[in-house]
file work-v2.txt (compact mmCIF, C-alpha atoms)
# COMPACT_ATOMS: atom_id res chain seq x y z
CA MET A 1 17.50 -9.37 92.60
CA LYS A 2 14.01 -7.89 92.60
CA LYS A 3 12.51 -6.93 95.92
CA THR A 4 9.61 -9.18 96.86
CA LEU A 5 6.28 -7.83 98.08
CA LEU A 6 3.22 -9.59 99.48
CA ILE A 7 -0.03 -7.63 99.40
CA ILE A 8 -2.61 -8.96 101.87
CA GLY A 9 -6.10 -7.90 100.83
CA ALA A 10 -5.18 -7.37 97.19
CA GLY A 11 -8.55 -7.99 95.62
CA GLY A 12 -10.34 -4.75 96.48
CA PHE A 13 -10.38 -1.21 95.18
CA ILE A 14 -7.07 -0.13 96.73
CA GLY A 15 -5.42 -3.54 96.37
CA GLY A 16 -5.57 -3.47 92.58
CA PHE A 17 -3.79 -0.13 92.50
CA ILE A 18 -1.11 -1.39 94.92
CA ALA A 19 -0.45 -4.43 92.73
CA GLU A 20 -0.13 -2.41 89.52
CA GLU A 21 2.20 0.13 91.14
CA ALA A 22 4.33 -2.65 92.61
CA LEU A 23 4.83 -4.18 89.17
CA ARG A 24 5.55 -0.77 87.67
CA ARG A 25 8.26 -0.23 90.28
CA GLY A 26 9.84 -3.60 89.52
CA TYR A 27 8.76 -5.62 92.55
CA ASP A 28 8.27 -9.37 92.38
CA THR A 29 4.66 -9.11 93.46
CA TYR A 30 2.59 -11.66 95.39
CA VAL A 31 -1.11 -10.97 95.93
CA GLY A 32 -2.81 -12.50 98.96
CA VAL A 33 -6.47 -13.28 98.31
CA ARG A 34 -9.22 -15.57 99.55
CA ALA A 35 -10.51 -18.37 97.33
CA SER A 36 -13.71 -16.32 96.82
CA THR A 37 -11.96 -13.01 96.09
CA SER A 38 -12.73 -11.33 92.78
CA ARG A 39 -9.66 -10.98 90.56
CA ARG A 40 -11.22 -8.28 88.43
CA TYR A 41 -8.46 -5.77 89.22
CA LEU A 42 -5.67 -8.35 89.31
CA GLN A 43 -5.34 -9.31 85.66
CA ASN A 44 -1.60 -8.83 85.13
CA PRO A 45 0.01 -12.23 84.39
CA ALA A 46 3.15 -11.20 86.31
CA LEU A 47 1.30 -11.44 89.63
CA HIS A 48 1.80 -14.44 91.93
CA PHE A 49 -1.46 -15.44 93.61
CA VAL A 50 -1.40 -16.72 97.18
CA VAL A 51 -4.75 -18.02 98.45
CA PHE A 52 -5.22 -17.72 102.21
CA ASP A 53 -7.86 -19.05 104.59
CA TYR A 54 -7.61 -16.33 107.25
CA ASP A 55 -10.01 -18.18 109.56
CA ASN A 56 -7.51 -21.02 109.96
CA PRO A 57 -4.04 -20.04 111.30
CA GLU A 58 -2.67 -23.53 110.60
CA ALA A 59 -3.75 -23.25 106.96
CA VAL A 60 -2.18 -19.78 106.82
CA ALA A 61 1.11 -21.25 108.08
CA GLU A 62 1.04 -24.01 105.48
CA THR A 63 0.30 -21.49 102.71
CA ILE A 64 3.19 -19.29 103.80
CA ARG A 65 5.58 -22.27 103.88
CA SER A 66 4.57 -23.36 100.37
CA SER A 67 4.36 -19.91 98.75
CA ARG A 68 7.14 -17.77 100.18
CA PRO A 69 10.06 -16.73 97.95
CA GLU A 70 13.28 -18.70 97.71
CA SER A 71 14.90 -16.32 100.18
CA GLY A 72 12.49 -17.62 102.83
CA ARG A 73 10.58 -14.38 103.33
CA TRP A 74 9.07 -11.45 101.52
CA ASP A 75 11.07 -8.22 101.71
CA TYR A 76 7.91 -6.21 102.33
CA ILE A 77 4.34 -6.96 103.32
CA ILE A 78 1.50 -4.47 102.89
CA TRP A 79 -1.53 -5.38 105.01
CA ASN A 80 -4.50 -3.94 103.14
CA LEU A 81 -7.10 -6.44 104.37
CA GLY A 82 -10.02 -4.98 106.27
CA ALA A 83 -13.77 -4.60 106.58
CA THR A 84 -15.36 -1.14 106.52
CA LYS A 85 -18.94 -2.35 106.97
CA CYS A 86 -20.36 -5.55 108.45
CA SER A 87 -23.86 -6.91 109.02
CA ASN A 88 -22.55 -8.43 112.26
CA PHE A 89 -20.43 -5.90 114.16
CA SER A 90 -18.34 -8.65 115.77
CA ASP A 91 -16.89 -9.22 112.30
CA PHE A 92 -15.02 -5.93 112.60
CA ASN A 93 -12.99 -7.42 115.43
CA LYS A 94 -12.49 -10.73 113.64
CA ILE A 95 -11.43 -9.28 110.28
CA ASN A 96 -9.64 -6.09 111.30
CA PHE A 97 -7.90 -7.39 114.42
CA CYS A 98 -7.93 -11.19 114.76
CA TYR A 99 -6.82 -11.89 111.19
CA LEU A 100 -3.92 -9.47 111.57
CA ARG A 101 -2.90 -10.91 114.95
CA ASP A 102 -3.07 -14.53 113.81
CA PHE A 103 -1.21 -13.85 110.56
CA THR A 104 1.55 -11.94 112.35
CA GLU A 105 1.97 -14.70 114.92
CA VAL A 106 2.43 -17.17 112.08
CA LEU A 107 5.08 -14.92 110.48
CA ILE A 108 6.94 -14.82 113.78
CA LYS A 109 6.70 -18.58 114.35
CA GLU A 110 7.79 -19.35 110.78
CA GLN A 111 10.65 -16.83 111.00
CA CYS A 112 9.19 -15.07 107.98
CA LEU A 113 8.99 -11.47 109.16
CA PRO A 114 9.69 -8.97 106.37
CA GLU A 115 12.01 -5.96 106.42
CA ARG A 116 8.93 -3.74 106.69
CA PHE A 117 5.29 -4.49 107.49
CA LEU A 118 3.00 -1.68 106.41
CA PHE A 119 -0.42 -1.78 108.07
CA MET A 120 -3.29 0.12 106.51
CA SER A 121 -5.28 1.52 109.40
CA SER A 122 -7.73 4.42 109.16
CA LEU A 123 -8.29 7.96 110.39
CA SER A 124 -11.30 6.49 112.18
CA ALA A 125 -8.82 4.87 114.59
CA VAL A 126 -8.29 8.38 116.00
CA GLY A 127 -11.97 9.22 116.46
CA PRO A 128 -13.63 12.65 116.70
CA ALA A 129 -11.30 15.63 116.50
CA ASP A 130 -11.49 19.21 117.81
CA GLU A 131 -14.85 20.61 116.71
CA LYS A 132 -14.45 23.98 118.41
CA ASP A 133 -11.33 25.42 116.78
CA TYR A 134 -11.09 22.78 114.03
CA SER A 135 -7.42 22.15 114.73
CA PRO A 136 -6.03 19.35 112.53
CA ILE A 137 -5.57 15.72 113.52
CA THR A 138 -1.88 14.87 113.87
CA SER A 139 0.10 11.67 114.40
CA ARG A 140 0.30 12.67 118.07
CA THR A 141 -3.44 13.11 118.58
CA ILE A 142 -4.57 10.76 121.36
CA PRO A 143 -6.96 8.20 119.82
CA ASN A 144 -10.52 8.05 121.09
CA PRO A 145 -12.41 6.06 118.45
CA ASN A 146 -16.19 6.05 118.75
CA THR A 147 -17.08 3.45 116.09
CA ARG A 148 -16.72 -0.30 116.08
CA TYR A 149 -14.68 0.01 112.91
CA GLY A 150 -12.34 2.55 114.50
CA LEU A 151 -12.01 0.46 117.67
CA SER A 152 -11.00 -2.61 115.66
CA LYS A 153 -8.34 -0.59 113.84
CA ILE A 154 -6.83 0.93 116.99
CA LYS A 155 -6.84 -2.54 118.54
CA ALA A 156 -4.81 -3.84 115.60
CA GLU A 157 -2.42 -0.89 115.85
CA THR A 158 -1.93 -1.50 119.56
CA TYR A 159 -1.19 -5.17 118.95
CA LEU A 160 1.60 -4.28 116.49
CA GLU A 161 3.05 -1.83 118.99
CA THR A 162 3.32 -4.63 121.56
CA LYS A 163 5.43 -6.79 119.21
CA PRO A 164 8.98 -5.37 119.28
CA GLU A 165 10.18 -7.87 116.66
CA VAL A 166 7.65 -6.69 114.03
CA PRO A 167 9.04 -3.89 111.78
CA TRP A 168 5.74 -2.06 111.42
CA ILE A 169 4.69 1.16 109.74
CA ILE A 170 1.12 2.37 110.22
CA PHE A 171 -0.84 4.50 107.74
CA ARG A 172 -4.02 6.29 108.78
CA PRO A 173 -5.55 7.51 105.53
CA THR A 174 -8.54 9.79 105.39
CA GLY A 175 -11.35 9.10 102.87
CA VAL A 176 -9.85 7.28 99.88
CA TYR A 177 -11.50 7.81 96.51
CA GLY A 178 -10.86 7.05 92.86
CA PRO A 179 -12.10 4.82 90.03
CA HIS A 180 -13.97 1.70 91.27
CA GLU A 181 -14.47 3.01 94.86
CA GLN A 182 -18.12 2.60 95.84
CA ASP A 183 -19.01 4.99 98.70
CA TYR A 184 -17.96 8.19 96.93
CA LEU A 185 -19.43 6.77 93.73
CA MET A 186 -22.82 6.85 95.46
CA MET A 187 -22.33 10.57 96.12
CA ILE A 188 -21.33 11.17 92.49
CA LYS A 189 -24.38 9.26 91.25
CA SER A 190 -26.61 11.31 93.53
CA ILE A 191 -25.19 14.58 92.18
CA ASP A 192 -25.56 13.20 88.65
CA SER A 193 -29.24 12.78 89.54
CA HIS A 194 -29.35 16.46 90.63
CA PHE A 195 -29.40 15.86 94.40
CA ASP A 196 -26.70 16.32 97.04
CA PHE A 197 -27.52 15.09 100.52
CA GLY A 198 -25.63 16.74 103.37
CA VAL A 199 -25.98 15.93 107.07
CA GLY A 200 -26.17 18.27 110.02
CA PHE A 201 -26.21 22.05 110.06
CA ARG A 202 -22.83 22.79 111.65
CA ARG A 203 -19.78 23.46 109.50
CA GLN A 204 -18.06 20.28 108.38
CA MET A 205 -14.54 20.12 106.95
CA LEU A 206 -13.81 17.06 104.81
CA THR A 207 -10.49 15.63 103.68
CA PHE A 208 -9.71 13.24 100.85
CA ILE A 209 -6.83 11.25 99.37
CA TYR A 210 -6.79 10.03 95.79
CA VAL A 211 -5.95 6.33 95.58
CA GLU A 212 -2.79 6.80 93.49
CA ASP A 213 -1.39 9.31 95.98
CA LEU A 214 -2.04 6.86 98.81
CA VAL A 215 -0.37 3.98 96.96
CA ASN A 216 2.66 6.07 96.01
CA ALA A 217 3.01 7.07 99.66
CA MET A 218 3.14 3.37 100.64
CA PHE A 219 6.07 2.63 98.34
CA ASP A 220 7.86 5.85 99.21
CA ALA A 221 7.63 5.01 102.92
CA LEU A 222 8.95 1.48 102.32
CA ALA A 223 11.83 2.80 100.20
CA ALA A 224 12.70 5.47 102.77
CA GLY A 225 13.18 2.82 105.44
CA VAL A 226 10.97 4.46 108.06
CA LEU A 227 10.17 2.19 110.98
CA LYS A 228 7.66 2.04 113.83
CA LYS A 229 5.96 5.32 112.99
CA LYS A 230 2.35 6.28 112.29
CA TYR A 231 1.40 8.60 109.46
CA ILE A 232 -1.76 10.43 108.50
CA ILE A 233 -2.23 10.32 104.73
CA SER A 234 -4.40 13.01 103.19
CA GLU A 235 -4.42 15.83 100.71
CA ASP A 236 -3.03 18.82 102.58
CA ARG A 237 -6.25 20.83 102.66
CA ALA A 238 -9.89 20.38 103.64
CA TYR A 239 -13.10 21.00 101.71
CA THR A 240 -16.71 21.79 102.50
CA GLN A 241 -19.57 19.69 101.16
CA LYS A 242 -20.45 22.61 98.88
CA GLU A 243 -16.96 22.62 97.36
CA PHE A 244 -17.14 18.86 96.77
CA ARG A 245 -20.57 19.22 95.15
CA GLU A 246 -19.44 22.05 92.86
CA ILE A 247 -16.34 20.15 91.72
CA VAL A 248 -18.37 17.04 90.85
CA SER A 249 -21.09 19.13 89.18
CA ARG A 250 -18.57 20.88 86.93
CA ARG A 251 -17.02 17.58 85.88
CA LEU A 252 -20.50 16.24 85.04
CA GLY A 253 -20.96 19.11 82.61
CA GLY A 254 -22.44 21.75 84.88
CA ARG A 255 -25.24 19.70 86.39
CA TRP A 256 -27.77 21.73 88.35
CA VAL A 257 -27.87 20.26 91.83
CA LEU A 258 -30.38 20.68 94.63
CA PRO A 259 -28.55 20.55 97.99
CA LEU A 260 -30.61 18.89 100.70
CA ARG A 261 -29.55 19.16 104.33
CA LEU A 262 -30.77 16.41 106.64
CA PRO A 263 -30.91 16.85 110.44
CA MET A 264 -28.75 14.44 112.39
CA TRP A 265 -31.72 12.90 114.21
CA ALA A 266 -33.21 11.90 110.84
CA VAL A 267 -29.89 10.43 109.68
CA TYR A 268 -29.61 8.45 112.91
CA ALA A 269 -33.14 7.06 112.55
CA ALA A 270 -32.46 6.05 108.95
CA SER A 271 -29.14 4.43 109.94
CA VAL A 272 -30.83 2.28 112.60
CA VAL A 273 -33.50 1.09 110.16
CA ALA A 274 -30.94 0.41 107.40
CA GLU A 275 -28.68 -1.47 109.81
CA LYS A 276 -31.51 -3.70 111.06
CA TRP A 277 -32.61 -4.39 107.50
CA GLY A 278 -29.06 -5.35 106.60
CA MET A 279 -28.95 -7.79 109.51
CA ILE A 280 -32.19 -9.40 108.36
CA ARG A 281 -30.83 -9.77 104.81
CA LEU A 282 -27.37 -10.83 106.10
CA LYS A 283 -25.84 -8.12 103.92
CA PRO A 284 -23.95 -5.14 105.36
CA SER A 285 -25.67 -1.80 104.85
CA THR A 286 -23.67 1.24 103.70
CA LEU A 287 -25.74 3.32 106.11
CA ASN A 288 -25.50 2.12 109.71
CA ARG A 289 -24.82 3.49 113.19
CA ASP A 290 -21.08 3.39 112.63
CA LYS A 291 -21.48 5.38 109.42
CA TYR A 292 -23.76 7.81 111.24
CA LYS A 293 -21.01 8.61 113.75
CA ILE A 294 -18.53 9.13 110.92
CA MET A 295 -20.92 11.48 109.10
CA LYS A 296 -21.65 13.30 112.35
CA GLN A 297 -17.96 14.14 112.81
CA ARG A 298 -17.41 17.75 111.78
CA ASN A 299 -13.63 18.07 111.67
CA TRP A 300 -11.52 15.90 109.37
CA ASN A 301 -8.65 18.39 109.00
CA CYS A 302 -5.29 16.59 108.79
CA ASP A 303 -1.66 17.44 109.47
CA ILE A 304 0.60 15.48 107.09
CA SER A 305 3.88 17.15 108.06
CA ASP A 306 5.40 13.92 109.47
CA ALA A 307 4.91 12.06 106.19
CA ARG A 308 6.21 15.04 104.23
CA ARG A 309 9.34 15.19 106.39
CA ASP A 310 10.11 11.45 106.58
CA PHE A 311 9.51 10.29 103.02
CA GLY A 312 8.69 13.39 100.97
CA PHE A 313 4.94 12.84 100.82
CA SER A 314 3.33 15.44 98.57
CA PRO A 315 -0.07 14.56 97.06
CA LYS A 316 -0.14 15.17 93.32
CA TYR A 317 -3.93 15.02 93.03
CA SER A 318 -6.04 17.90 94.25
CA LEU A 319 -9.67 16.97 94.79
CA GLU A 320 -10.51 18.62 91.47
CA ARG A 321 -7.97 16.56 89.55
CA GLY A 322 -8.91 13.36 91.37
CA ILE A 323 -12.62 13.90 90.75
CA ASP A 324 -11.85 14.44 87.05
CA ALA A 325 -10.36 10.94 86.86
CA THR A 326 -13.06 9.38 89.06
CA VAL A 327 -15.99 10.91 87.19
CA ALA A 328 -14.40 10.03 83.84
CA ALA A 329 -14.32 6.37 84.90
CA TYR A 330 -17.92 6.62 86.14
CA LEU A 331 -19.14 8.15 82.85
CA GLU A 332 -17.29 5.50 80.83
CA SER A 333 -18.90 2.67 82.83
CA LYS A 334 -22.27 4.40 82.46
CA ARG A 335 -21.76 4.60 78.69
CA LYS A 336 -20.82 0.91 78.45
CA ALA A 337 -23.83 -0.08 80.54
CA LYS A 338 -26.09 1.94 78.28
CA GLU A 339 -24.64 0.37 75.15
CA GLY A 340 -24.89 -3.08 76.70
CA GLY A 341 -28.57 -2.54 77.40
CA ARG A 342 -29.44 -1.82 73.81

call {"tool": "encode", "arguments": {"input": "work-v2.txt", "output": "structure tokens"}}
result
Amino acid sequence: MKKTLLIIGAGGFIGGFIAEEALRRGYDTYVGVRASTSRRYLQNPALHFVVFDYDNPEAVAETIRSSRPESGRWDYIIWNLGATKCSNFSDFNKINFCYLRDFTEVLIKEQCLPERFLFMSSLSAVGPADEKDYSPITSRTIPNPNTRYGLSKIKAETYLETKPEVPWIIFRPTGVYGPHEQDYLMMIKSIDSHFDFGVGFRRQMLTFIYVEDLVNAMFDALAAGVLKKKYIISEDRAYTQKEFREIVSRRLGGRWVLPLRLPMWAVYAASVVAEKWGMIRLKPSTLNRDKYKIMKQRNWNCDISDARRDFGFSPKYSLERGIDATVAAYLESKRKAKEGGR
């Protein structure tokens, strides 16, 4: 029989890639979405849709009872649901922690726990790293998150650790990029317009993970049977902003780019204004005080040796190769938009 998989938070950028890879690997794939979730990246007719109301634990329980496989439970659950920006910061706690807690409690009560429960956390759950010697973040680095987003993620991690019956695995990916991702797309668009905005004047080391490498790591970890371990997921090297800019510029055909370096005080002032404006409009702003703290962090170096040892993690996409695919998708969408406007 096929292994069954439920993907919670399947409608976003990463979720679509998880669903496609699950089908490719032969899983009987269920995609957990809200009623309002876009299904743009979930077009395969082999997918089973499960519509959840995460604000209502009783409704979640009823949905699980009516939608679970004949065996009574899913073999695996990947929890990919989360908010990275909110107009109301209390929503970080509600979405990133409370939804996870309530859903897990329902699984326990309904005796529907899977063989493995993979929780997608974030490197922001660790917080600022060593900015003197730039030593890498490891799975043993003591977390000290300094953003509301990071705090909500470490809170969710801690909850799972307190539940001995839950067969959890925790992933802490660094910046995830690829086709359809929006934050890095903004940087690509800026470089396409001949400007690259950097922040701060101290050396900053950035790390990235291409979405397909991240998704493959999920399935490799599930197949390897690892249990109750945390893994940092990243390409195994770091880049400067200049290297990122040059890679994108080359893929855009050798764009000339004017690098602009903004002082941190100016970035902070802009983040406060953008955040307040977002609150007024009831729409989350990409630039906010949380984002400011993330941009301020100088050291994103990662040690992925645990993932390499336990399930053979070896990213296939260098930043250059990943940017090739990402920019190609951007240029194709730009071409279609141009043709559509004629």

call {"tool": "closest_atom_pairs", "arguments": {"input": "work-v2.txt", "of": "segment 171-190 of chain A", "to": "segment 14-33 of chain A", "cutoff": "10 Å", "atoms": "only C-alpha atoms", "output": "CSV"}}
result
residue,atom,partner,partner_atom,distance
A:Val176,CA,A:Ile14,CA,8.5
A:Tyr177,CA,A:Ile14,CA,9.1
A:Gly178,CA,A:Ile14,CA,9.0
A:Pro179,CA,A:Ile14,CA,9.7
A:His180,CA,A:Ile14,CA,9.0
A:Glu181,CA,A:Ile14,CA,8.3

call {"tool": "residues_around", "arguments": {"input": "work-v2.txt", "residues": "segment 213-228 of chain A", "least_positions_apart": "3", "cutoff": "7 Å", "atoms": "all atoms listed in the file", "output": "ChimeraX atom specification"}}
result
/A:17-18,116,167-169,209-210,233,311,313,315-317

call {"tool": "atom_distance", "arguments": {"input": "work-v2.txt", "atom1": "atom CA of Asp310 of chain A", "atom2": "atom CA of Ile232 of chain A"}}
result
12.1 Å

call {"tool": "residues_around", "arguments": {"input": "work-v2.txt", "residues": "Cys86 of chain A", "least_positions_apart": "5", "cutoff": "9 Å", "atoms": "all atoms listed in the file", "output": "list in words"}}
result
Asp91, Phe92, Gly278, Met279, Lys283, Pro284, Ser285 and Thr286 of chain A

call {"tool": "atom_distance", "arguments": {"input": "work-v2.txt", "atom1": "atom CA of Ala266 of chain A", "atom2": "atom CA of Arg289 of chain A"}}
result
12.1 Å

call {"tool": "atom_distance", "arguments": {"input": "work-v2.txt", "atom1": "atom CA of Ala307 of chain A", "atom2": "atom CA of Phe171 of chain A"}}
result
9.6 Å

call {"tool": "closest_residue", "arguments": {"input": "work-v2.txt", "among": "A:Leu287, A:Cys302, A:Val257, A:Val199", "to": "Ser271 of chain A", "atoms": "all atoms listed in the file"}}
result
A:Leu287

call {"tool": "residues_around", "arguments": {"input": "work-v2.txt", "residues": "Glu115 of chain A", "least_positions_apart": "2", "cutoff": "7 Å", "atoms": "all atoms listed in the file", "output": "mmCIF file with C-alpha atoms, keeping the file's coordinate frame"}}
result
data_model
loop_
_atom_site.group_PDB
_atom_site.id
_atom_site.type_symbol
_atom_site.label_atom_id
_atom_site.label_comp_id
_atom_site.auth_asym_id
_atom_site.auth_seq_id
_atom_site.Cartn_x
_atom_site.Cartn_y
_atom_site.Cartn_z
ATOM 1 C CA ASP A 75 11.070 -8.220 101.710
ATOM 2 C CA TYR A 76 7.910 -6.210 102.330
ATOM 3 C CA LEU A 113 8.990 -11.470 109.160
ATOM 4 C CA PHE A 117 5.290 -4.490 107.490
ATOM 5 C CA PRO A 167 9.040 -3.890 111.780
#

call {"tool": "residues_around", "arguments": {"input": "work-v2.txt", "residues": "Arg34 of chain A", "least_positions_apart": "5", "cutoff": "7 Å", "atoms": "all atoms listed in the file", "output": "ChimeraX atom specification"}}
result
/A:51-53

call {"tool": "write_last_selection", "arguments": {"input": "work-v2.txt", "atoms": "C-alpha atoms", "output": "PDB file, keeping the file's coordinate frame"}}
result
ATOM      1  CA  VAL A  51      -4.750 -18.020  98.450  1.00  0.00           C
ATOM      2  CA  PHE A  52      -5.220 -17.720 102.210  1.00  0.00           C
ATOM      3  CA  ASP A  53      -7.860 -19.050 104.590  1.00  0.00           C
TER       4      ASP A  53
END

call {"tool": "closest_residue", "arguments": {"input": "work-v2.txt", "among": "A:Cys98, A:Met295, A:Ala325, A:Ala129", "to": "Gly175 of chain A", "atoms": "all atoms listed in the file"}}
result
A:Met295

call {"tool": "residues_around", "arguments": {"input": "work-v2.txt", "residues": "Pro69 of chain A", "least_positions_apart": "5", "cutoff": "12 Å", "atoms": "all atoms listed in the file", "output": "number ranges by chain"}}
result
A: 1-6, 28-30, 48, 50, 63-64, 74-76, 112, 114

call {"tool": "residues_near_point", "arguments": {"input": "work-v2.txt", "point": "(-14.6, -3.2, 107.6)", "cutoff": "8 Å", "atoms": "only C-alpha atoms", "output": "list in words"}}
result
Gly82, Ala83, Thr84, Lys85, Cys86, Asp91, Phe92, Ile95, Asn96 and Tyr149 of chain A

call {"tool": "write_last_selection", "arguments": {"input": "work-v2.txt", "atoms": "C-alpha atoms", "output": "PDB file, in the frame of the given file"}}
result
ATOM      1  CA  GLY A  82     -10.020  -4.980 106.270  1.00  0.00           C
ATOM      2  CA  ALA A  83     -13.770  -4.600 106.580  1.00  0.00           C
ATOM      3  CA  THR A  84     -15.360  -1.140 106.520  1.00  0.00           C
ATOM      4  CA  LYS A  85     -18.940  -2.350 106.970  1.00  0.00           C
ATOM      5  CA  CYS A  86     -20.360  -5.550 108.450  1.00  0.00           C
ATOM      6  CA  ASP A  91     -16.890  -9.220 112.300  1.00  0.00           C
ATOM      7  CA  PHE A  92     -15.020  -5.930 112.600  1.00  0.00           C
ATOM      8  CA  ILE A  95     -11.430  -9.280 110.280  1.00  0.00           C
ATOM      9  CA  ASN A  96      -9.640  -6.090 111.300  1.00  0.00           C
ATOM     10  CA  TYR A 149     -14.680   0.010 112.910  1.00  0.00           C
TER      11      TYR A 149
END

call {"tool": "build_atoms", "arguments": {"input": "work-v2.txt", "residues": "segment 183-199 of chain A", "atoms": "N, CA and C atoms", "output": "PDB file, keeping the file's coordinate frame"}}
result
ATOM      1  N   ASP A 183     -18.293   4.039  97.845  1.00  0.00           N
ATOM      2  CA  ASP A 183     -19.010   4.990  98.700  1.00  0.00           C
ATOM      3  C   ASP A 183     -19.064   6.385  98.074  1.00  0.00           C
ATOM      4  N   TYR A 184     -17.939   6.879  97.589  1.00  0.00           N
ATOM      5  CA  TYR A 184     -17.960   8.190  96.930  1.00  0.00           C
ATOM      6  C   TYR A 184     -18.683   8.124  95.598  1.00  0.00           C
ATOM      7  N   LEU A 185     -18.678   6.937  94.974  1.00  0.00           N
ATOM      8  CA  LEU A 185     -19.430   6.770  93.730  1.00  0.00           C
ATOM      9  C   LEU A 185     -20.914   7.013  93.972  1.00  0.00           C
ATOM     10  N   MET A 186     -21.407   6.598  95.139  1.00  0.00           N
ATOM     11  CA  MET A 186     -22.820   6.850  95.460  1.00  0.00           C
ATOM     12  C   MET A 186     -23.101   8.349  95.516  1.00  0.00           C
ATOM     13  N   MET A 187     -22.163   9.118  96.055  1.00  0.00           N
ATOM     14  CA  MET A 187     -22.330  10.570  96.120  1.00  0.00           C
ATOM     15  C   MET A 187     -22.304  11.175  94.720  1.00  0.00           C
ATOM     16  N   ILE A 188     -21.412  10.675  93.868  1.00  0.00           N
ATOM     17  CA  ILE A 188     -21.330  11.170  92.490  1.00  0.00           C
ATOM     18  C   ILE A 188     -22.613  10.850  91.734  1.00  0.00           C
ATOM     19  N   LYS A 189     -23.132   9.639  91.918  1.00  0.00           N
ATOM     20  CA  LYS A 189     -24.380   9.260  91.250  1.00  0.00           C
ATOM     21  C   LYS A 189     -25.534  10.139  91.719  1.00  0.00           C
ATOM     22  N   SER A 190     -25.549  10.451  93.009  1.00  0.00           N
ATOM     23  CA  SER A 190     -26.610  11.310  93.530  1.00  0.00           C
ATOM     24  C   SER A 190     -26.545  12.692  92.902  1.00  0.00           C
ATOM     25  N   ILE A 191     -25.344  13.255  92.803  1.00  0.00           N
ATOM     26  CA  ILE A 191     -25.190  14.580  92.180  1.00  0.00           C
ATOM     27  C   ILE A 191     -25.530  14.502  90.696  1.00  0.00           C
ATOM     28  N   ASP A 192     -25.197  13.398  90.053  1.00  0.00           N
ATOM     29  CA  ASP A 192     -25.560  13.200  88.650  1.00  0.00           C
ATOM     30  C   ASP A 192     -27.074  13.185  88.477  1.00  0.00           C
ATOM     31  N   SER A 193     -27.771  12.792  89.558  1.00  0.00           N
ATOM     32  CA  SER A 193     -29.240  12.780  89.540  1.00  0.00           C
ATOM     33  C   SER A 193     -29.827  14.082  90.084  1.00  0.00           C
ATOM     34  N   HIS A 194     -28.959  15.101  90.249  1.00  0.00           N
ATOM     35  CA  HIS A 194     -29.350  16.460  90.630  1.00  0.00           C
ATOM     36  C   HIS A 194     -29.613  16.654  92.124  1.00  0.00           C
ATOM     37  N   PHE A 195     -29.195  15.696  92.965  1.00  0.00           N
ATOM     38  CA  PHE A 195     -29.400  15.860  94.400  1.00  0.00           C
ATOM     39  C   PHE A 195     -28.074  15.662  95.145  1.00  0.00           C
ATOM     40  N   ASP A 196     -27.868  16.486  96.174  1.00  0.00           N
ATOM     41  CA  ASP A 196     -26.700  16.320  97.040  1.00  0.00           C
ATOM     42  C   ASP A 196     -27.194  16.349  98.478  1.00  0.00           C
ATOM     43  N   PHE A 197     -27.020  15.211  99.160  1.00  0.00           N
ATOM     44  CA  PHE A 197     -27.520  15.090 100.520  1.00  0.00           C
ATOM     45  C   PHE A 197     -26.403  15.362 101.520  1.00  0.00           C
ATOM     46  N   GLY A 198     -26.544  16.438 102.286  1.00  0.00           N
ATOM     47  CA  GLY A 198     -25.630  16.740 103.370  1.00  0.00           C
ATOM     48  C   GLY A 198     -26.265  16.388 104.700  1.00  0.00           C
ATOM     49  N   VAL A 199     -25.452  16.298 105.757  1.00  0.00           N
ATOM     50  CA  VAL A 199     -25.980  15.930 107.070  1.00  0.00           C
ATOM     51  C   VAL A 199     -25.550  16.956 108.103  1.00  0.00           C
TER      52      VAL A 199
END
